file entry_33.cif (mmCIF, C-alpha atoms and all ligand atoms)
data_query
loop_
_atom_site.group_PDB
_atom_site.id
_atom_site.type_symbol
_atom_site.label_atom_id
_atom_site.label_comp_id
_atom_site.auth_asym_id
_atom_site.auth_seq_id
_atom_site.Cartn_x
_atom_site.Cartn_y
_atom_site.Cartn_z
ATOM 1 C CA MET R 7 32.115 -46.780 29.949
ATOM 2 C CA ARG R 8 31.490 -50.476 30.356
ATOM 3 C CA MET R 9 29.187 -52.798 28.409
ATOM 4 C CA SER R 10 27.715 -55.638 30.450
ATOM 5 C CA GLY R 11 25.364 -58.644 30.358
ATOM 6 C CA GLY R 12 24.118 -61.000 27.713
ATOM 7 C CA HIS R 13 24.822 -64.328 26.101
ATOM 8 C CA GLN R 14 26.315 -64.960 22.698
ATOM 9 C CA SER R 15 23.907 -66.418 20.188
ATOM 10 C CA GLY R 16 24.780 -65.030 16.777
ATOM 11 C CA GLY R 17 27.045 -63.003 14.538
ATOM 12 C CA VAL R 18 28.202 -59.471 15.170
ATOM 13 C CA LEU R 19 25.354 -56.949 14.995
ATOM 14 C CA ILE R 20 27.180 -53.831 16.191
ATOM 15 C CA ALA R 21 30.926 -53.244 15.832
ATOM 16 C CA ALA R 22 32.394 -50.005 17.173
ATOM 17 C CA ARG R 23 36.075 -49.392 16.546
ATOM 18 C CA LYS R 24 37.966 -46.531 18.181
ATOM 19 C CA LEU R 25 34.737 -44.582 18.295
ATOM 20 C CA SER R 26 35.215 -41.004 19.493
ATOM 21 C CA ARG R 27 32.876 -38.077 19.921
ATOM 22 C CA ILE R 28 34.432 -34.799 20.907
ATOM 23 C CA TYR R 29 32.302 -31.778 21.722
ATOM 24 C CA TRP R 30 33.915 -28.382 21.516
ATOM 25 C CA ARG R 31 33.113 -25.674 24.008
ATOM 26 C CA GLY R 32 35.147 -22.759 22.660
ATOM 27 C CA ALA R 33 38.722 -24.038 22.589
ATOM 28 C CA GLU R 34 37.990 -26.729 25.184
ATOM 29 C CA ALA R 35 37.562 -30.294 23.884
ATOM 30 C CA ILE R 36 35.147 -32.524 25.795
ATOM 31 C CA ARG R 37 35.939 -36.149 25.009
ATOM 32 C CA ALA R 38 32.520 -37.697 25.636
ATOM 33 C CA LEU R 39 33.648 -40.930 23.918
ATOM 34 C CA ASP R 40 37.358 -41.589 23.604
ATOM 35 C CA ALA R 41 38.303 -44.416 21.209
ATOM 36 C CA VAL R 42 35.639 -46.876 22.393
ATOM 37 C CA THR R 43 35.866 -50.355 20.850
ATOM 38 C CA PHE R 44 33.267 -53.095 21.419
ATOM 39 C CA GLU R 45 31.068 -55.631 19.673
ATOM 40 C CA VAL R 46 27.479 -56.689 20.240
ATOM 41 C CA ARG R 47 26.311 -60.012 18.853
ATOM 42 C CA ARG R 48 22.844 -60.853 17.584
ATOM 43 C CA GLY R 49 20.515 -61.841 20.420
ATOM 44 C CA GLU R 50 22.662 -60.257 23.105
ATOM 45 C CA PHE R 51 20.983 -58.132 25.754
ATOM 46 C CA ILE R 52 23.275 -55.363 26.917
ATOM 47 C CA ALA R 53 23.237 -52.343 29.208
ATOM 48 C CA THR R 54 25.458 -49.267 29.264
ATOM 49 C CA VAL R 55 26.404 -48.375 32.806
ATOM 50 C CA GLY R 56 28.375 -45.410 34.101
ATOM 51 C CA PRO R 57 28.226 -42.235 36.175
ATOM 52 C CA SER R 58 26.582 -39.061 34.951
ATOM 53 C CA GLY R 59 28.647 -37.583 32.128
ATOM 54 C CA ALA R 60 30.304 -40.909 31.261
ATOM 55 C CA GLY R 61 28.981 -40.718 27.695
ATOM 56 C CA LYS R 62 25.958 -43.075 27.713
ATOM 57 C CA THR R 63 23.614 -40.705 25.887
ATOM 58 C CA THR R 64 26.376 -39.752 23.466
ATOM 59 C CA LEU R 65 26.842 -43.446 22.594
ATOM 60 C CA LEU R 66 23.095 -44.070 22.194
ATOM 61 C CA ASN R 67 22.867 -41.035 19.901
ATOM 62 C CA LEU R 68 25.573 -42.564 17.698
ATOM 63 C CA LEU R 69 23.972 -46.036 17.715
ATOM 64 C CA GLY R 70 20.629 -44.453 16.804
ATOM 65 C CA CYS R 71 22.240 -42.409 14.024
ATOM 66 C CA MET R 72 21.047 -39.181 15.586
ATOM 67 C CA ASP R 73 24.628 -37.921 15.722
ATOM 68 C CA ALA R 74 27.871 -38.768 13.907
ATOM 69 C CA PRO R 75 31.200 -39.689 15.536
ATOM 70 C CA THR R 76 34.211 -37.358 15.372
ATOM 71 C CA SER R 77 36.354 -40.354 14.401
ATOM 72 C CA GLY R 78 36.303 -44.140 14.384
ATOM 73 C CA THR R 79 34.000 -46.576 12.647
ATOM 74 C CA LEU R 80 30.596 -47.934 13.542
ATOM 75 C CA GLU R 81 29.116 -50.885 11.699
ATOM 76 C CA ILE R 82 25.514 -51.793 12.440
ATOM 77 C CA ALA R 83 23.660 -54.657 10.754
ATOM 78 C CA GLY R 84 26.329 -54.807 8.067
ATOM 79 C CA GLN R 85 26.263 -51.082 7.277
ATOM 80 C CA GLU R 86 29.071 -48.597 7.952
ATOM 81 C CA VAL R 87 26.936 -45.824 9.394
ATOM 82 C CA GLN R 88 29.581 -43.240 10.348
ATOM 83 C CA GLY R 89 29.700 -41.723 6.873
ATOM 84 C CA PHE R 90 25.944 -41.709 6.265
ATOM 85 C CA SER R 91 24.337 -38.658 4.679
ATOM 86 C CA GLU R 92 21.375 -37.061 6.442
ATOM 87 C CA ALA R 93 18.996 -38.906 4.095
ATOM 88 C CA GLN R 94 20.689 -42.261 4.811
ATOM 89 C CA ARG R 95 20.501 -41.578 8.544
ATOM 90 C CA THR R 96 16.808 -40.827 8.291
ATOM 91 C CA ARG R 97 16.209 -44.078 6.414
ATOM 92 C CA TYR R 98 18.282 -46.018 8.941
ATOM 93 C CA ARG R 99 16.320 -44.559 11.881
ATOM 94 C CA ARG R 100 13.072 -45.481 10.199
ATOM 95 C CA GLN R 101 13.955 -49.014 9.149
ATOM 96 C CA VAL R 102 16.715 -50.422 11.348
ATOM 97 C CA VAL R 103 16.720 -49.030 14.866
ATOM 98 C CA GLY R 104 13.980 -48.721 17.486
ATOM 99 C CA PHE R 105 13.849 -46.756 20.729
ATOM 100 C CA VAL R 106 11.577 -47.229 23.714
ATOM 101 C CA PHE R 107 11.512 -43.879 25.470
ATOM 102 C CA GLN R 108 10.795 -43.243 29.134
ATOM 103 C CA HIS R 109 8.207 -40.703 27.975
ATOM 104 C CA PHE R 110 6.582 -42.831 25.337
ATOM 105 C CA GLY R 111 6.494 -40.301 22.489
ATOM 106 C CA LEU R 112 2.876 -41.116 21.690
ATOM 107 C CA VAL R 113 0.597 -38.558 20.072
ATOM 108 C CA PRO R 114 -2.154 -38.021 22.657
ATOM 109 C CA THR R 115 -4.853 -37.003 20.173
ATOM 110 C CA LEU R 116 -4.412 -40.128 18.023
ATOM 111 C CA THR R 117 -5.842 -43.550 18.858
ATOM 112 C CA VAL R 118 -3.655 -46.531 19.706
ATOM 113 C CA ALA R 119 -4.028 -47.855 16.141
ATOM 114 C CA GLU R 120 -3.220 -44.464 14.606
ATOM 115 C CA ASN R 121 -0.093 -44.133 16.776
ATOM 116 C CA VAL R 122 1.126 -47.523 15.607
ATOM 117 C CA ALA R 123 0.352 -46.619 11.970
ATOM 118 C CA LEU R 124 2.251 -43.322 12.105
ATOM 119 C CA PRO R 125 5.781 -44.639 11.285
ATOM 120 C CA LEU R 126 4.324 -46.564 8.341
ATOM 121 C CA LEU R 127 2.841 -43.390 6.917
ATOM 122 C CA PHE R 128 6.244 -41.683 7.191
ATOM 123 C CA SER R 129 7.656 -44.576 5.113
ATOM 124 C CA ARG R 130 4.840 -44.034 2.620
ATOM 125 C CA ARG R 131 3.589 -47.548 3.287
ATOM 126 C CA ARG R 132 -0.023 -48.489 3.823
ATOM 127 C CA PRO R 133 -0.784 -49.707 7.337
ATOM 128 C CA GLY R 134 -3.246 -52.309 5.961
ATOM 129 C CA GLU R 135 -3.379 -55.465 8.063
ATOM 130 C CA ARG R 136 -0.037 -54.746 9.701
ATOM 131 C CA VAL R 137 -1.461 -52.575 12.510
ATOM 132 C CA PRO R 138 -4.049 -55.092 13.809
ATOM 133 C CA ALA R 139 -1.419 -57.845 13.591
ATOM 134 C CA LEU R 140 1.084 -55.825 15.632
ATOM 135 C CA LEU R 141 -1.548 -54.898 18.208
ATOM 136 C CA GLU R 142 -2.564 -58.555 18.450
ATOM 137 C CA ARG R 143 1.042 -59.510 19.147
ATOM 138 C CA VAL R 144 1.217 -57.303 22.238
ATOM 139 C CA GLY R 145 -2.351 -58.046 23.383
ATOM 140 C CA LEU R 146 -3.714 -54.598 22.568
ATOM 141 C CA ARG R 147 -6.057 -55.281 19.673
ATOM 142 C CA HIS R 148 -9.133 -54.612 21.797
ATOM 143 C CA ARG R 149 -7.636 -51.218 22.692
ATOM 144 C CA ALA R 150 -7.129 -50.066 19.078
ATOM 145 C CA LYS R 151 -9.601 -47.200 19.325
ATOM 146 C CA HIS R 152 -8.510 -45.985 22.745
ATOM 147 C CA ARG R 153 -6.327 -42.918 23.301
ATOM 148 C CA PRO R 154 -2.910 -43.328 24.982
ATOM 149 C CA HIS R 155 -4.099 -41.756 28.264
ATOM 150 C CA GLU R 156 -6.632 -44.594 28.609
ATOM 151 C CA LEU R 157 -3.854 -47.201 28.771
ATOM 152 C CA SER R 158 -1.642 -48.154 31.685
ATOM 153 C CA GLY R 159 1.974 -46.894 31.698
ATOM 154 C CA GLY R 160 3.344 -50.366 30.980
ATOM 155 C CA ARG R 161 1.111 -50.763 27.970
ATOM 156 C CA CYS R 162 2.198 -47.395 26.621
ATOM 157 C CA SER R 163 5.839 -48.503 26.696
ATOM 158 C CA GLY R 164 5.254 -52.072 25.551
ATOM 159 C CA TRP R 165 3.384 -51.613 22.357
ATOM 160 C CA PRO R 166 4.947 -51.787 18.911
ATOM 161 C CA SER R 167 5.916 -48.168 18.326
ATOM 162 C CA ARG R 168 7.888 -48.957 15.215
ATOM 163 C CA GLU R 169 7.319 -51.329 12.380
ATOM 164 C CA ARG R 170 10.084 -53.690 11.293
ATOM 165 C CA SER R 171 9.582 -56.356 8.670
HETATM 166 N N1 LIG D 201 25.972 -31.048 23.058
HETATM 167 C C1 LIG D 201 26.992 -31.075 23.902
HETATM 168 N N2 LIG D 201 27.907 -30.081 23.905
HETATM 169 C C2 LIG D 201 28.968 -30.110 24.742
HETATM 170 N N3 LIG D 201 29.198 -31.104 25.625
HETATM 171 C C3 LIG D 201 28.320 -32.111 25.674
HETATM 172 C C4 LIG D 201 27.173 -32.166 24.822
HETATM 173 N N4 LIG D 201 26.480 -33.292 25.099
HETATM 174 C C5 LIG D 201 27.165 -33.916 26.073
HETATM 175 N N5 LIG D 201 28.275 -33.229 26.423
HETATM 176 C C6 LIG D 201 29.285 -33.626 27.411
HETATM 177 O O1 LIG D 201 29.754 -34.920 27.062
HETATM 178 C C7 LIG D 201 29.930 -35.727 28.216
HETATM 179 C C8 LIG D 201 29.061 -36.971 28.127
HETATM 180 O O2 LIG D 201 27.687 -36.581 28.191
HETATM 181 P P1 LIG D 201 26.484 -37.614 28.106
HETATM 182 O O3 LIG D 201 25.239 -36.820 28.037
HETATM 183 O O4 LIG D 201 26.754 -38.569 26.987
HETATM 184 O O5 LIG D 201 26.623 -38.394 29.499
HETATM 185 P P2 LIG D 201 25.646 -39.488 30.183
HETATM 186 O O6 LIG D 201 26.514 -40.654 30.537
HETATM 187 O O7 LIG D 201 24.483 -39.734 29.303
HETATM 188 O O8 LIG D 201 25.201 -38.726 31.519
HETATM 189 P P3 LIG D 201 23.807 -38.861 32.354
HETATM 190 O O9 LIG D 201 23.922 -40.131 33.166
HETATM 191 O O10 LIG D 201 23.836 -37.637 33.224
HETATM 192 O O11 LIG D 201 22.666 -38.851 31.389
HETATM 193 C C9 LIG D 201 29.599 -34.831 29.409
HETATM 194 O O12 LIG D 201 30.826 -34.263 29.883
HETATM 195 C C10 LIG D 201 28.725 -33.755 28.810
HETATM 196 O O13 LIG D 201 28.822 -32.552 29.521
HETATM 197 MG MG MG D 202 22.380 -39.452 29.569
#
call {"tool": "encode", "arguments": {"input": "entry_33.cif", "output": "structure tokens"}}
result
Amino acid sequence: MRMSGGHQSGGVLIAARKLSRIYWRGAEAIRALDAVTFEVRRGEFIATVGPSGAGKTTLLNLLGCMDAPTSGTLEIAGQEVQGFSEAQRTRYRRQVVGFVFQHFGLVPTLTVAENVALPLLFSRRRPGERVPALLERVGLRHRAKHRPHELSGGRCSGWPSRERS
């Protein structure tokens, strides 16, 4: 696997050291990631590139704290995440990392505003003025009461699906 692109404009945001993820199929070990070491600096824009089976999804699952490495260390935003408990991983996913999915992950029966408010409710925080402000930022305030299917595909992927403050 190769990491490519980007300019350097800050300190280290992600540091992976000898990161490995081995899947076991019976007695057979599948080394999806084999001692991968790399750094990503703040402000860098990177892409993971490689053939099918190279380990891209495995790496993203580790960076998103949806899976834990077999060995190695992974430091993200100053936190060593490889030893996180399930509760710490949940908190990390809610507060630190964001994903934009190809299939947007929007709830079709909720309005645009309600979809944006959803992660806040999971954090037991009141949406308050935050939702209109976020919608304003991506030019969707006038669409607050629409359902996802009434938006264009680009707008579905571009809106603020996760709150960070
Ligand atoms: N849950 C699993 N159990 C066993 N093997 C797995 C599992 N998930 C992935 N693998 C194996 O790990 C290797 C890396 O898979 P991964 O899904 O990370 O590749 P990828 O680069 O995302 O591929 P693609 O481009 O097809 O999405 C592959 O050999 C795959 O078969
Ligand atoms: Mg994949």
call {"tool": "residues_around", "arguments": {"input": "entry_33.cif", "residues": "Pro154 in chain R", "least_positions_apart": "2", "cutoff": "12 Å", "atoms": "all atoms listed in the file", "output": "VMD selection string"}}
result
chain R and resid 109 to 122 146 149 to 152 156 to 165
call {"tool": "atom_distance", "arguments": {"input": "entry_33.cif", "atom1": "CA of Arg31 in chain R", "atom2": "atom C2 of ligand LIG 201 (chain D)"}}
result
6.1 Å
call {"tool": "residues_near_ligand", "arguments": {"input": "entry_33.cif", "ligand": "ligand LIG 201 (chain D)", "cutoff": "10 Å", "atoms": "all atoms listed in the file", "output": "MDAnalysis selection string"}}
result
chainID R and resid 7 27:32 34:39 54:67
call {"tool": "resolve_selection", "arguments": {"input": "entry_33.cif", "expression": "the PyMOL selection byres (((chain R and resi 75-86) around 6) and not hetatm)", "output": "short mmCIF file (atom, residue, chain, number, x, y, z; two decimals) with C-alpha atoms, in the frame of the given file"}}
result
data_model
loop_
_atom_site.label_atom_id
_atom_site.label_comp_id
_atom_site.auth_asym_id
_atom_site.auth_seq_id
_atom_site.Cartn_x
_atom_site.Cartn_y
_atom_site.Cartn_z
CA LEU R 19 25.35 -56.95 15.00
CA ILE R 20 27.18 -53.83 16.19
CA ALA R 21 30.93 -53.24 15.83
CA ALA R 22 32.39 -50.00 17.17
CA ARG R 23 36.08 -49.39 16.55
CA LYS R 24 37.97 -46.53 18.18
CA LEU R 25 34.74 -44.58 18.30
CA SER R 26 35.22 -41.00 19.49
CA ARG R 27 32.88 -38.08 19.92
CA ALA R 74 27.87 -38.77 13.91
CA VAL R 87 26.94 -45.82 9.39
CA GLN R 88 29.58 -43.24 10.35
#
call {"tool": "closest_residue", "arguments": {"input": "entry_33.cif", "among": "R:Gly17, R:Leu68, R:Leu127, R:Phe90", "to": "Val46 in chain R", "atoms": "all atoms listed in the file"}}
result
R:Gly17
call {"tool": "atom_distance", "arguments": {"input": "entry_33.cif", "atom1": "CA of Gly104 in chain R", "atom2": "CA of Val137 in chain R"}}
result
16.7 Å
call {"tool": "axis_aligned_box", "arguments": {"input": "entry_33.cif", "around": "range 120-130 of chain R", "padding_each_side": "6 Å", "output": "AutoDock Vina command-line options"}}
result
--center_x 2.2 --center_y -44.6 --center_z 9.7 --size_x 22.9 --size_y 17.8 --size_z 26.2
call {"tool": "closest_residue", "arguments": {"input": "entry_33.cif", "among": "R:Arg147, R:Phe105, R:Met72, R:Arg100", "to": "Pro125 in chain R", "atoms": "all atoms listed in the file"}}
result
R:Arg100
call {"tool": "atom_distance", "arguments": {"input": "entry_33.cif", "atom1": "CA of Pro138 in chain R", "atom2": "CA of Phe51 in chain R"}}
result
27.9 Å
call {"tool": "decode", "arguments": {"input": "entry_33.cif", "residues": "range 137-161 of chain R", "atoms": "N, CA and C atoms", "output": "tab-separated table (two decimals), in the first residue's frame"}}
result
chain	number	residue	atom	x	y	z
R	137	VAL	N	-27.40	23.40	14.21
R	137	VAL	CA	-27.87	22.81	12.95
R	137	VAL	C	-28.07	23.88	11.87
R	138	PRO	N	-28.82	24.97	12.14
R	138	PRO	CA	-28.94	26.01	11.12
R	138	PRO	C	-27.59	26.58	10.70
R	139	ALA	N	-26.67	26.72	11.65
R	139	ALA	CA	-25.34	27.28	11.32
R	139	ALA	C	-24.58	26.35	10.38
R	140	LEU	N	-24.66	25.04	10.65
R	140	LEU	CA	-23.97	24.07	9.80
R	140	LEU	C	-24.59	24.04	8.41
R	141	LEU	N	-25.92	24.08	8.37
R	141	LEU	CA	-26.60	24.07	7.06
R	141	LEU	C	-26.25	25.32	6.26
R	142	GLU	N	-26.17	26.44	6.96
R	142	GLU	CA	-25.80	27.71	6.32
R	142	GLU	C	-24.42	27.59	5.67
R	143	ARG	N	-23.51	26.94	6.39
R	143	ARG	CA	-22.13	26.82	5.92
R	143	ARG	C	-22.03	26.08	4.60
R	144	VAL	N	-22.92	25.12	4.38
R	144	VAL	CA	-22.85	24.35	3.12
R	144	VAL	C	-23.97	24.76	2.16
R	145	GLY	N	-24.61	25.92	2.45
R	145	GLY	CA	-25.61	26.45	1.52
R	145	GLY	C	-26.89	25.64	1.46
R	146	LEU	N	-27.25	25.01	2.58
R	146	LEU	CA	-28.45	24.15	2.55
R	146	LEU	C	-29.53	24.60	3.54
R	147	ARG	N	-29.39	25.82	4.06
R	147	ARG	CA	-30.35	26.23	5.08
R	147	ARG	C	-31.78	26.25	4.55
R	148	HIS	N	-31.93	26.66	3.30
R	148	HIS	CA	-33.28	26.73	2.72
R	148	HIS	C	-33.85	25.34	2.45
R	149	ARG	N	-33.02	24.31	2.60
R	149	ARG	CA	-33.48	22.93	2.36
R	149	ARG	C	-33.73	22.18	3.66
R	150	ALA	N	-33.70	22.87	4.79
R	150	ALA	CA	-33.74	22.21	6.11
R	150	ALA	C	-34.91	21.26	6.27
R	151	LYS	N	-36.05	21.60	5.68
R	151	LYS	CA	-37.24	20.77	5.90
R	151	LYS	C	-37.47	19.75	4.80
R	152	HIS	N	-36.53	19.70	3.86
R	152	HIS	CA	-36.67	18.72	2.77
R	152	HIS	C	-36.21	17.34	3.24
R	153	ARG	N	-36.63	16.31	2.53
R	153	ARG	CA	-36.13	14.95	2.79
R	153	ARG	C	-34.93	14.71	1.87
R	154	PRO	N	-34.04	13.78	2.27
R	154	PRO	CA	-32.84	13.52	1.46
R	154	PRO	C	-33.13	13.26	-0.02
R	155	HIS	N	-34.23	12.53	-0.34
R	155	HIS	CA	-34.46	12.20	-1.75
R	155	HIS	C	-34.80	13.43	-2.59
R	156	GLU	N	-35.07	14.56	-1.92
R	156	GLU	CA	-35.38	15.79	-2.67
R	156	GLU	C	-34.12	16.60	-2.98
R	157	LEU	N	-32.96	16.11	-2.53
R	157	LEU	CA	-31.70	16.81	-2.80
R	157	LEU	C	-30.96	16.12	-3.94
R	158	SER	N	-30.03	16.84	-4.54
R	158	SER	CA	-29.16	16.22	-5.54
R	158	SER	C	-28.15	15.32	-4.85
R	159	GLY	N	-27.53	14.39	-5.61
R	159	GLY	CA	-26.55	13.47	-5.03
R	159	GLY	C	-25.39	14.21	-4.39
R	160	GLY	N	-24.90	15.25	-5.06
R	160	GLY	CA	-23.76	16.01	-4.54
R	160	GLY	C	-24.09	16.66	-3.21
R	161	ARG	N	-25.32	17.16	-3.11
R	161	ARG	CA	-25.70	17.81	-1.85
R	161	ARG	C	-25.82	16.80	-0.74
